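Peer 1: Starting off with a structure, shown below.
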4 protein chains.
Amino acid sequence: MTASVSLIDSSGLAAALEQFALERDWPRYHTARNLVLALTGEVGELAEIFQWLSDEEAARLAEDPARFTHLQEELADVLMYLVRLASVTGVDLDAAVRDKLVKNARKYPAP
Amino acid sequence: MTASVSLIDSSGLAAALEQFALERDWPRYHTARNLVLALTGEVGELAEIFQWLSDEEAARLAEDPARFTHLQEELADVLMYLVRLASVTGVDLDAAVRDKLVKNARKYPAP
Amino acid sequence: MTASVSLIDSSGLAAALEQFALERDWPRYHTARNLVLALTGEVGELAEIFQWLSDEEAARLAEDPARFTHLQEELADVLMYLVRLASVTGVDLDAAVRDKLVKNARKYPAP
Amino acid sequence: MTASVSLIDSSGLAAALEQFALERDWPRYHTARNLVLALTGEVGELAEIFQWLSDEEAARLAEDPARFTHLQEELADVLMYLVRLASVTGVDLDAAVRDKLVKNARKYPAP
């Protein structure tokens, strides 16, 4: 893996979220702690989708358009708060996942 | 915003995580419900970083290299489980955040 | 602290929740993993109450009857899933907190 | 159900946690928002116990003493932060669960 390969490019989303916040005078609310609480809230909504489903029902979620749209929305919400949190804390997500994958590969060597 | 503009491209990360899982015979563990629980675990570790910090201390986290590295790792862990969850449930994250931003703009119109 | 002193008595709530579940044919849904996901969902709703509040606003939450009622409901929901989870996994919460307090006192000795 | 019946009595635990905090000069850290983040952290640790388990393995957790002790500790941690959060926000947990059970019985009438 070379440093020039990007694993994830979230720059467009980060810029869109920054602009969205600026247009609504929201940056003052987007402290790291607030965003962690907001992220927790969205992960809770994601968990609610799956709480009473069997593994079989969860695997067939895409067959139910209403539920699948709900899942897309909650995944989007979690991702947006995560990207926003990375922006306000100054974390480069691409570098972060690259480093973590190297650590994980050392921790869990492939057989 | 046109359909051709990508807000986030996580295809490289999704492929790397798939390969990482395959090499370790992990895909059978990567059910949607398991990944939601794993995501919850990582969000918990992220919350722990901030639980006793003032907003001022949280804003200066980047000044403390050890804490900042820890933050990078936890953000990476949350992102990796989120991208993996999107893969196994068949959700296109770029389309999901694009749709959600449109809904959010309707729900919270800019002044 | 002697063994005969009870720190928490949740037996009435545990029995009420068991009866409530039985009357609705819900025990088959109350697996440990489902209850952890449901608990995560409720903690998310609790976090949402506080996500955009300053510490000052959070401290004055009791002055806003609607918000305070909402807080009571979310705390109740978290507590009910927690007590239910303890019931189905066979954990004695009173013994658990007693043991944990002893461990915490060793880990964080009072000055 | 009469008003005189207590569903849960956490007064002993609340007092023990208050004393524990006072002896360590911790009350200044025990703001509502900090405690919600700490609660999120503990729920994450609880989720980690169950993340890769099948429902069958989760149901047999009590057979593995080390894992069962770990489960007891995490349930205790969640409960302690929840009771502490109720204390600092002024919520009466017994009244809260009583009210919520009445609302739940209306929302989900028994057949």
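To be explicit about the labels: the chains of the structure tokens are called A, B, and onward in the order shown, and within each one the residues are counted from 1, while ligands get numbers from 1 in the order they are shown.
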With a distance threshold of 7 Å and counting only C-alpha atoms, extract the residues of chain A near chain C and express them as a list of chain:residue names.
Peer 2: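 Every residue of chain A that passes the 7 Å test is in A:Tyr29, A:Asn34, A:Leu37, A:Ala38, A:Thr40, A:Gly41, A:Glu42, A:Val43, A:Gly44, A:Glu45, A:Ala47, A:Glu48, A:Gln51, A:Trp52.
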Peer 1: Using only C-alpha atoms, which residues sit within 7 Å of D:Ala32 once same-chain residues fewer than 6 positions away are excluded, as a count of residues only?
Peer 2: 4
Peer 1: Write out as an MDAnalysis selection string the residues lying within 8 Å of C:Arg24, counting only C-alpha atoms and excluding same-chain residues fewer than 4 positions away.
Peer 2: (chainID C and resid 20) or (chainID D and resid 110:111)
Peer 1: Please save all heavy atoms of the selected residues as a PDB file, in the first residue's frame.
Peer 2:
```
ATOM      1  N   PHE C  20     -45.325  -7.441  32.016  1.00  0.00           N
ATOM      2  CA  PHE C  20     -45.668  -6.626  30.845  1.00  0.00           C
ATOM      3  C   PHE C  20     -45.292  -7.370  29.559  1.00  0.00           C
ATOM      4  O   PHE C  20     -46.068  -7.404  28.586  1.00  0.00           O
ATOM      5  CB  PHE C  20     -44.913  -5.294  30.922  1.00  0.00           C
ATOM      6  CG  PHE C  20     -45.458  -4.207  30.035  1.00  0.00           C
ATOM      7  CD1 PHE C  20     -46.370  -3.279  30.517  1.00  0.00           C
ATOM      8  CD2 PHE C  20     -45.052  -4.103  28.710  1.00  0.00           C
ATOM      9  CE1 PHE C  20     -46.870  -2.258  29.696  1.00  0.00           C
ATOM     10  CE2 PHE C  20     -45.548  -3.089  27.884  1.00  0.00           C
ATOM     11  CZ  PHE C  20     -46.454  -2.172  28.378  1.00  0.00           C
TER      12      PHE C  20
ATOM     13  N   ALA D 110     -52.388  -4.633  26.162  1.00  0.00           N
ATOM     14  CA  ALA D 110     -52.304  -6.087  26.173  1.00  0.00           C
ATOM     15  C   ALA D 110     -53.506  -6.653  25.420  1.00  0.00           C
ATOM     16  O   ALA D 110     -54.598  -6.089  25.475  1.00  0.00           O
ATOM     17  CB  ALA D 110     -52.290  -6.589  27.616  1.00  0.00           C
ATOM     18  N   PRO D 111     -53.327  -7.745  24.688  1.00  0.00           N
ATOM     19  CA  PRO D 111     -54.435  -8.309  23.898  1.00  0.00           C
ATOM     20  C   PRO D 111     -55.517  -8.886  24.806  1.00  0.00           C
ATOM     21  O   PRO D 111     -55.276  -9.205  25.942  1.00  0.00           O
ATOM     22  CB  PRO D 111     -53.761  -9.403  23.070  1.00  0.00           C
ATOM     23  CG  PRO D 111     -52.468  -9.704  23.749  1.00  0.00           C
ATOM     24  CD  PRO D 111     -52.086  -8.521  24.570  1.00  0.00           C
TER      25      PRO D 111
END
```
Peer 1: Fewer than 5 positions away in the same chain doesn't count, so skip those; otherwise give me all residues within 8 Å of B:Lys100, counting only C-alpha atoms, as a count of residues only.
Peer 2: 3
Peer 1: By how many Å are atom CA of A:Leu79 and atom CA of C:Asp55 apart?
Peer 2: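 Taking atom CA of A:Leu79 and atom CA of C:Asp55, their separation equals 25.9 Å.
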Peer 1: Have a look at B:Ala59, B:Ala14, B:Ala66, B:Leu75 and name the one nearest to A:Asp92; count only C-alpha atoms.
Peer 2: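 Between B:Ala59, B:Ala14, B:Ala66, B:Leu75, the residue approaching A:Asp92 most closely is B:Leu75.
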Peer 1: Determine which residues of stretch 10-111 of chain C receive a DSSP assignment of alpha helix (DSSP H), computed from the backbone, and state them as JSON, numbers by chain.
Peer 2: {"C": [11, 12, 13, 14, 15, 16, 17, 18, 19, 20, 21, 22, 23, 32, 33, 34, 35, 36, 37, 38, 39, 40, 41, 42, 43, 44, 45, 46, 47, 48, 49, 50, 55, 56, 57, 58, 59, 65, 66, 67, 68, 69, 70, 71, 72, 73, 74, 75, 76, 77, 78, 79, 80, 81, 82, 83, 84, 85, 86, 87, 88, 89, 93, 94, 95, 96, 97, 98, 99, 100, 101, 102, 103, 104, 105, 106, 107]}
Peer 1: Can you work out which one of A:Val91, A:Leu61, A:Leu13, A:Val102 has the shortest atom-to-atom distance to B:Glu74, counting only C-alpha atoms?
Peer 2: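 So, comparing all the options, the nearest one is A:Val91.
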Peer 1: Could you tell me how far atom CA of A:Leu17 lies from atom CA of A:Val83, in Å and to one decimal?
Peer 2: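 Atom CA of A:Val83 lies at a distance of 8.5 Å from atom CA of A:Leu17.
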Peer 1: Would you list the contacts of stretch 5-8 of chain C as an MDAnalysis selection string, taking every protein, DNA or RNA residue within 12 Å and counting only C-alpha atoms, but skipping same-chain residues closer than 3 positions in sequence?
Peer 2: (chainID C and resid 1:2 11:13 83 92:101) or (chainID D and resid 6:17 76 79:80 83 93:94)
Peer 1: Can I get the selected residues back with C-alpha atoms, as an mmCIF file, in the first residue's frame?
Peer 2:
```
data_model
loop_
_atom_site.group_PDB
_atom_site.id
_atom_site.type_symbol
_atom_site.label_atom_id
_atom_site.label_comp_id
_atom_site.auth_asym_id
_atom_site.auth_seq_id
_atom_site.Cartn_x
_atom_site.Cartn_y
_atom_site.Cartn_z
ATOM 1 C CA MET C 1 -20.586 -1.575 54.180
ATOM 2 C CA THR C 2 -22.094 -4.907 55.198
ATOM 3 C CA SER C 11 -37.108 -6.533 42.038
ATOM 4 C CA GLY C 12 -40.478 -4.770 41.694
ATOM 5 C CA LEU C 13 -39.509 -3.240 38.357
ATOM 6 C CA VAL C 83 -33.159 -4.028 34.336
ATOM 7 C CA ASP C 92 -28.108 -9.522 40.245
ATOM 8 C CA LEU C 93 -27.775 -5.753 39.868
ATOM 9 C CA ASP C 94 -27.480 -5.080 43.590
ATOM 10 C CA ALA C 95 -24.583 -7.523 43.927
ATOM 11 C CA ALA C 96 -23.047 -6.198 40.688
ATOM 12 C CA VAL C 97 -22.935 -2.564 41.834
ATOM 13 C CA ARG C 98 -21.716 -3.574 45.288
ATOM 14 C CA ASP C 99 -18.791 -5.512 43.774
ATOM 15 C CA LYS C 100 -18.030 -2.732 41.293
ATOM 16 C CA LEU C 101 -17.958 -0.070 43.996
ATOM 17 C CA SER D 6 -42.033 1.149 44.896
ATOM 18 C CA LEU D 7 -40.837 -0.359 41.618
ATOM 19 C CA ILE D 8 -37.224 0.524 42.191
ATOM 20 C CA ASP D 9 -35.363 1.902 45.194
ATOM 21 C CA SER D 10 -31.984 3.294 44.193
ATOM 22 C CA SER D 11 -31.593 5.676 47.135
ATOM 23 C CA GLY D 12 -28.810 3.642 48.739
ATOM 24 C CA LEU D 13 -26.826 3.529 45.501
ATOM 25 C CA ALA D 14 -27.416 7.227 44.822
ATOM 26 C CA ALA D 15 -26.105 8.072 48.298
ATOM 27 C CA ALA D 16 -23.091 5.774 47.931
ATOM 28 C CA LEU D 17 -22.201 7.340 44.560
ATOM 29 C CA ALA D 76 -23.010 -2.111 37.052
ATOM 30 C CA LEU D 79 -26.445 1.505 36.145
ATOM 31 C CA MET D 80 -24.141 3.650 38.277
ATOM 32 C CA VAL D 83 -28.381 6.646 38.785
ATOM 33 C CA LEU D 93 -36.261 7.157 38.857
ATOM 34 C CA ASP D 94 -39.028 5.289 40.675
#
```
Peer 1: In Å to one decimal, how far is atom CA of D:Asp64 from atom CA of B:Glu23?
Peer 2: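 A separation of 29.2 Å between them.
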